[in-house]
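Before any comments, here is the structure.
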2 protein chains.
Amino acid sequence: MQSRTPASRTGRPRSAAADTAILAATRQALVELGWSKLTLSDVATRAGVAKTTLYRRWAGKNELVVDAVAELFDELEVPDLGSLAADIEGVVVQFAAILARPEARSGLMAVVAESTRDDALRERIRASIVDRQMRLVLQGRARAQRRGELPPEPDPEEAARTVGLIFDMVAGAVVHRTLVSGKPADEEWVHSFIRILLLGLVGAARTP
Amino acid sequence: MQSRTPASRTGRPRSAAADTAILAATRQALVELGWSKLTLSDVATRAGVAKTTLYRRWAGKNELVVDAVAELFDELEVPDLGSLAADIEGVVVQFAAILARPEARSGLMAVVAESTRDDALRERIRASIVDRQMRLVLQGRARAQRRGELPPEPDPEEAARTVGLIFDMVAGAVVHRTLVSGKPADEEWVHSFIRILLLGLVGAARTP
DNA sequence: GGCTTTCGCTACGAGTCGTAGCGTAATGCC
DNA sequence: GGCATTACGCTACGACTCGTAGCGAAAGCC
């Protein structure tokens, strides 16, 4: 999770319960205080551990919050509702529900902002959050191609570009709707959005 | 800009040059230090003003950075290139160019993150940044309807929903591509994106 | 000149940061 | 059981930032 556990064969092992408590305390602090007023001392107190324990496991506030927020996305999965449109709507609604939680709203954008000046942090975000979401797009696309709803893509490089584009469109729209426009990405909105997206995708696939 | 100037008829007027210098210094500090390491003392030194002058004009770091970043979006305008697709591509390329600048990348997302817990800050962002971009969507849409590229929308409420949706899709995709995926929103990417978007929009307009 | 507001400067208490040092607790190896 | 090793809780610390208060000087309007 937060650091290497290469083969610490001997010595007292790190408390897994402490990890759980710290990450939960971080999310709670995000809800109550927000990003800027969150302090590591406060998180340590909430979690019932010493401040030094936090610094032994995480390099700083950024890394800690990334891990705390990443756990929120563990529950994401593509439902099998029978059609591409229904599957996408299902997963986007899940995604929107996570983004509606205050600990995700205040934490996620803050670490993304910090990552513009920290490549290691960007990589950490990619590995623990973005890649997990990207896999959902790949999974849904493969299932739709098996159903015949989307044409198979022979060129793997072109396919990767398309998947990346879809991912930026979906995640970007939901994030912008929720955080910038400040309105809920409810089912009605998701339905309208997915309708336009799919019409565009099948249209583009028909006329390459 | 940052505070009310109701009718300060008498007394020494506030230095407009100081405003310019402070906002420019803020952007420079964003480039060199990023959001989290930016301090108001440092900005004051760079701008050649006293720290107290900063606190007299802005409530804090958030408000200052919003104003500093907002100026970057002043140059945005919809070009008249003859077709809806070309117009949109033109303005999206401009938008992407602004987001590629480090002072926008590190500043914009940070204040958006803070705005999730500060309604006044959210309103400030909306008024000084988001509304300006939203106007571009309205402008381009009206021009396309005059050209006959998009059907006129009789229901104003439905039209507002659609404009909001388009705005979230466009801005969200570009922001996500630039900041989360960390890849440039170059002309090739913009072209692919706009193609899917427009195919979806005209498809949705045809089958309501 | 007189009034008003802004400006630069200094100083201050409060709070946070990240680290060091120490004694104690928990585990693996012999 | 004894020993080495690592994690833990606790305290203390210097360095830094924050936001404010107070002061005299400057720059406008009447």
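Naming works like this for the structure tokens: A, B, ... for the chains as they're shown, residue 1 at the start of each chain, ligands 1 onward in shown order.
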- Task: Excluding range 109-126 of chain A and any residue of its chain fewer than 3 positions from it, enumerate the residues within 9 Å of it, using only C-alpha atoms (C1' of nucleotides), and give them as number ranges by chain.
- Result: A: 35-36, 62-63, 65-67, 70, 104-106, 129-132, 179; B: 31, 33-36, 102, 105-114, 179-182
May I have the residues from that selection written out with N, CA and C atoms, as a tab-separated table (two decimals), in the first residue's frame?
chain	number	residue	atom	x	y	z
A	35	TRP	N	-9.47	19.56	2.83
A	35	TRP	CA	-8.07	19.29	2.53
A	35	TRP	C	-7.13	20.25	3.25
A	36	SER	N	-7.37	21.53	3.13
A	36	SER	CA	-6.37	22.49	3.57
A	36	SER	C	-6.24	22.53	5.08
A	62	ASN	N	-0.04	14.29	1.04
A	62	ASN	CA	-0.49	13.89	-0.29
A	62	ASN	C	-0.65	12.38	-0.40
A	63	GLU	N	0.40	11.66	-0.06
A	63	GLU	CA	0.38	10.21	-0.22
A	63	GLU	C	-0.69	9.58	0.66
A	65	VAL	N	-3.54	10.88	1.68
A	65	VAL	CA	-4.89	11.13	1.17
A	65	VAL	C	-5.15	10.30	-0.08
A	66	VAL	N	-4.14	10.13	-0.92
A	66	VAL	CA	-4.34	9.29	-2.09
A	66	VAL	C	-4.78	7.90	-1.68
A	67	ASP	N	-4.09	7.32	-0.73
A	67	ASP	CA	-4.46	5.98	-0.29
A	67	ASP	C	-5.85	5.95	0.36
A	70	ALA	N	-8.35	6.30	-2.43
A	70	ALA	CA	-8.33	5.16	-3.36
A	70	ALA	C	-9.24	4.05	-2.88
A	104	ALA	N	-14.44	12.26	-0.89
A	104	ALA	CA	-13.88	12.12	-2.23
A	104	ALA	C	-13.75	13.48	-2.90
A	105	ARG	N	-14.77	14.31	-2.74
A	105	ARG	CA	-14.78	15.60	-3.41
A	105	ARG	C	-13.58	16.45	-2.99
A	106	SER	N	-13.40	16.58	-1.67
A	106	SER	CA	-12.34	17.48	-1.23
A	106	SER	C	-10.96	16.84	-1.37
A	129	ILE	N	-5.75	4.65	-8.44
A	129	ILE	CA	-7.10	5.14	-8.70
A	129	ILE	C	-7.45	5.06	-10.18
A	130	VAL	N	-6.64	5.70	-11.02
A	130	VAL	CA	-7.02	5.85	-12.42
A	130	VAL	C	-7.02	4.52	-13.14
A	131	ASP	N	-6.00	3.70	-12.91
A	131	ASP	CA	-5.93	2.43	-13.61
A	131	ASP	C	-7.14	1.55	-13.31
A	132	ARG	N	-7.59	1.62	-12.06
A	132	ARG	CA	-8.74	0.81	-11.69
A	132	ARG	C	-9.98	1.22	-12.49
A	179	LEU	N	-18.02	18.57	-9.40
A	179	LEU	CA	-17.15	19.45	-8.63
A	179	LEU	C	-17.15	20.89	-9.12
B	31	VAL	N	3.85	28.79	-10.61
B	31	VAL	CA	4.72	28.04	-11.52
B	31	VAL	C	5.90	27.46	-10.76
B	33	LEU	N	6.47	27.25	-7.34
B	33	LEU	CA	6.29	26.56	-6.06
B	33	LEU	C	5.10	25.62	-6.05
B	34	GLY	N	4.12	25.87	-6.89
B	34	GLY	CA	2.89	25.09	-6.81
B	34	GLY	C	1.99	25.63	-5.72
B	35	TRP	N	0.81	25.04	-5.61
B	35	TRP	CA	-0.21	25.56	-4.71
B	35	TRP	C	0.21	25.43	-3.25
B	36	SER	N	0.61	24.26	-2.85
B	36	SER	CA	0.75	24.02	-1.41
B	36	SER	C	1.92	24.80	-0.81
B	102	PRO	N	1.54	25.85	-16.53
B	102	PRO	CA	1.65	25.31	-15.17
B	102	PRO	C	0.90	26.13	-14.13
B	105	ARG	N	-2.62	24.84	-14.28
B	105	ARG	CA	-2.75	23.45	-13.83
B	105	ARG	C	-2.76	23.37	-12.32
B	106	SER	N	-1.74	23.95	-11.69
B	106	SER	CA	-1.64	23.78	-10.24
B	106	SER	C	-2.63	24.66	-9.50
B	107	GLY	N	-3.02	25.79	-10.09
B	107	GLY	CA	-3.91	26.69	-9.38
B	107	GLY	C	-5.37	26.32	-9.50
B	108	LEU	N	-5.81	25.99	-10.69
B	108	LEU	CA	-7.23	25.81	-10.93
B	108	LEU	C	-7.81	24.66	-10.12
B	109	MET	N	-7.19	23.50	-10.21
B	109	MET	CA	-7.73	22.35	-9.50
B	109	MET	C	-7.69	22.54	-7.99
B	110	ALA	N	-6.68	23.23	-7.52
B	110	ALA	CA	-6.58	23.43	-6.08
B	110	ALA	C	-7.75	24.26	-5.56
B	111	VAL	N	-8.07	25.34	-6.24
B	111	VAL	CA	-9.18	26.16	-5.74
B	111	VAL	C	-10.51	25.44	-5.93
B	112	VAL	N	-10.63	24.64	-6.98
B	112	VAL	CA	-11.85	23.85	-7.13
B	112	VAL	C	-11.98	22.88	-5.97
B	113	ALA	N	-10.88	22.27	-5.58
B	113	ALA	CA	-10.92	21.35	-4.44
B	113	ALA	C	-11.33	22.10	-3.18
B	114	GLU	N	-10.80	23.27	-2.98
B	114	GLU	CA	-11.17	24.03	-1.78
B	114	GLU	C	-12.63	24.46	-1.83
B	179	LEU	N	-5.02	17.04	-16.82
B	179	LEU	CA	-4.55	16.98	-15.44
B	179	LEU	C	-4.50	15.57	-14.87
B	180	VAL	N	-5.47	14.74	-15.20
B	180	VAL	CA	-5.48	13.40	-14.61
B	180	VAL	C	-4.69	12.43	-15.48
B	181	SER	N	-5.04	12.36	-16.75
B	181	SER	CA	-4.29	11.47	-17.62
B	181	SER	C	-2.88	12.00	-17.87
B	182	GLY	N	-2.72	13.30	-17.73
B	182	GLY	CA	-1.39	13.88	-17.85
B	182	GLY	C	-0.84	13.89	-19.26
What are the closest atom pairs, with distances in Å to one decimal, for each residue of range 45-129 of chain A lying within 12 Å of range 11-25 of chain D, using only C-alpha atoms (C1' of nucleotides), rows by chain and rising residue number, as a tab-separated table?
residue	atom	partner	partner_atom	distance
A:Ala50	CA	D:DT11	C1'	11.2
A:Lys51	CA	D:DT11	C1'	11.6
A:Thr52	CA	D:DT11	C1'	11.4
- Interatomic distance between CA of Ala47 in chain A and CA of Ile22 in chain A?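 Result for CA of Ala47 in chain A versus CA of Ile22 in chain A: 5.1 Å, one decimal.
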So that I can see what lies close to DG2 in chain C, please list as a tab-separated table (two decimals) with C-alpha atoms (C1' of nucleotides), in the first residue's frame the residues with an atom at most 12 Å from it, counting only C-alpha atoms (C1' of nucleotides) and leaving out residues fewer than 3 positions away in the same chain.
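After the write, part-v6.tsv holds the following:
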chain	number	residue	atom	x	y	z
B	11	GLY	CA	-8.59	59.27	0.47
D	29	DC	C1'	-9.85	64.99	-2.78
D	30	DC	C1'	-12.13	69.39	-0.60
Show which residues sit within 12 Å of DC8 in chain D, as a short mmCIF file (atom, residue, chain, number, x, y, z; two decimals) with C-alpha atoms (C1' of nucleotides), in the first residue's frame. Count only C-alpha atoms (C1' of nucleotides), and ignore same-chain residues fewer than 6 positions away.
data_model
loop_
_atom_site.label_atom_id
_atom_site.label_comp_id
_atom_site.auth_asym_id
_atom_site.auth_seq_id
_atom_site.Cartn_x
_atom_site.Cartn_y
_atom_site.Cartn_z
CA ARG A 12 7.67 -6.54 15.17
CA PRO A 13 5.24 -6.41 12.25
CA ARG A 14 3.35 -3.29 11.36
CA SER A 15 -0.14 -3.17 12.72
CA ALA A 18 -3.42 0.90 12.46
CA GLY A 48 -5.46 6.63 18.12
CA VAL A 49 -1.86 6.36 16.97
CA ALA A 50 1.19 8.52 17.46
CA LYS A 51 2.03 11.17 14.90
CA THR A 52 5.41 9.55 14.33
CA THR A 53 3.72 6.36 13.20
CA LEU A 54 2.08 8.30 10.38
CA ARG A 56 6.97 6.23 9.35
"C1'" DC C 22 14.13 7.34 24.33
"C1'" DG C 23 11.99 3.44 26.54
"C1'" DT C 24 8.68 -0.24 25.58
"C1'" DA C 25 6.16 -3.90 22.91
"C1'" DA C 26 5.90 -7.66 19.56
#
- Message: Please identify the helix (DSSP H, G or I) residues within range 55-144 of chain B (assignment by DSSP from backbone atoms) and present them as JSON, numbers by chain.
- Response: {"B": [55, 56, 57, 61, 62, 63, 64, 65, 66, 67, 68, 69, 70, 71, 72, 73, 74, 75, 84, 85, 86, 87, 88, 89, 90, 91, 92, 93, 94, 95, 96, 97, 98, 99, 100, 102, 103, 104, 105, 106, 107, 108, 109, 110, 111, 112, 113, 114, 115, 119, 120, 121, 122, 123, 124, 125, 126, 127, 128, 129, 130, 131, 132, 133, 134, 135, 136, 137, 138, 139, 140, 141, 142, 143, 144]}
- Message: At a cut-off of 9 Å, which residues of chain C touch chain B? Count only C-alpha atoms (C1' of nucleotides) and give the answer as a PyMOL selection string.
- Response: chain C and resi 3-9
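For the residues A:Val190, A:Leu38, A:Ala205, A:Ile196, ranking by smallest atom-to-atom distance to Ala171 in chain A using only C-alpha atoms places A:Val190 first.
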Do you have, as JSON lines, the list of residues of chain D lying at most 6 Å from chain A, each with its nearest atom pair and that distance in Å to one decimal, counting only C-alpha atoms (C1' of nucleotides) and ordered by chain then number?
{"residue": "D:DT5", "atom": "C1'", "partner": "A:Gly11", "partner_atom": "CA", "distance": 4.5}
{"residue": "D:DT6", "atom": "C1'", "partner": "A:Gly11", "partner_atom": "CA", "distance": 4.0}
{"residue": "D:DA7", "atom": "C1'", "partner": "A:Arg12", "partner_atom": "CA", "distance": 5.5}
{"residue": "D:DG9", "atom": "C1'", "partner": "A:Ala50", "partner_atom": "CA", "distance": 5.9}
I need the chosen residues saved as a PDB file, in the first residue's frame, with C-alpha atoms (C1' of nucleotides).
ATOM      1  C1'  DT D   5      15.258  -6.673  15.102  1.00  0.00           C
ATOM      2  C1'  DT D   6      11.650  -3.816  14.023  1.00  0.00           C
ATOM      3  C1'  DA D   7       7.410  -1.086  15.275  1.00  0.00           C
ATOM      4  C1'  DG D   9       3.960   5.716  21.877  1.00  0.00           C
TER       5       DG D   9
END
- In Å, how far is it from CA of Gly203 in chain B to CA of Pro79 in chain B?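 Calculated distance between CA of Gly203 in chain B and CA of Pro79 in chain B is 24.6 Å.
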- What gap, in Å, lies between CA of Asp19 in chain A and CA of Leu136 in chain A?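 Taking CA of Asp19 in chain A as the start and CA of Leu136 in chain A as the end point, the length is 27.0 Å.
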- Message: Can you tell me which residues surround DC30 in chain C at a distance of at most 12 Å, considering only C-alpha atoms (C1' of nucleotides), apart from same-chain residues fewer than 5 positions away, and format the answer as a PyMOL selection string?
- Response: chain D and resi 1-4
- Query: Between B:Leu30, B:Leu84, B:Phe167, B:Asp155, which is the closest to Gln133 in chain B once you count only C-alpha atoms?
  - Reply: B:Phe167
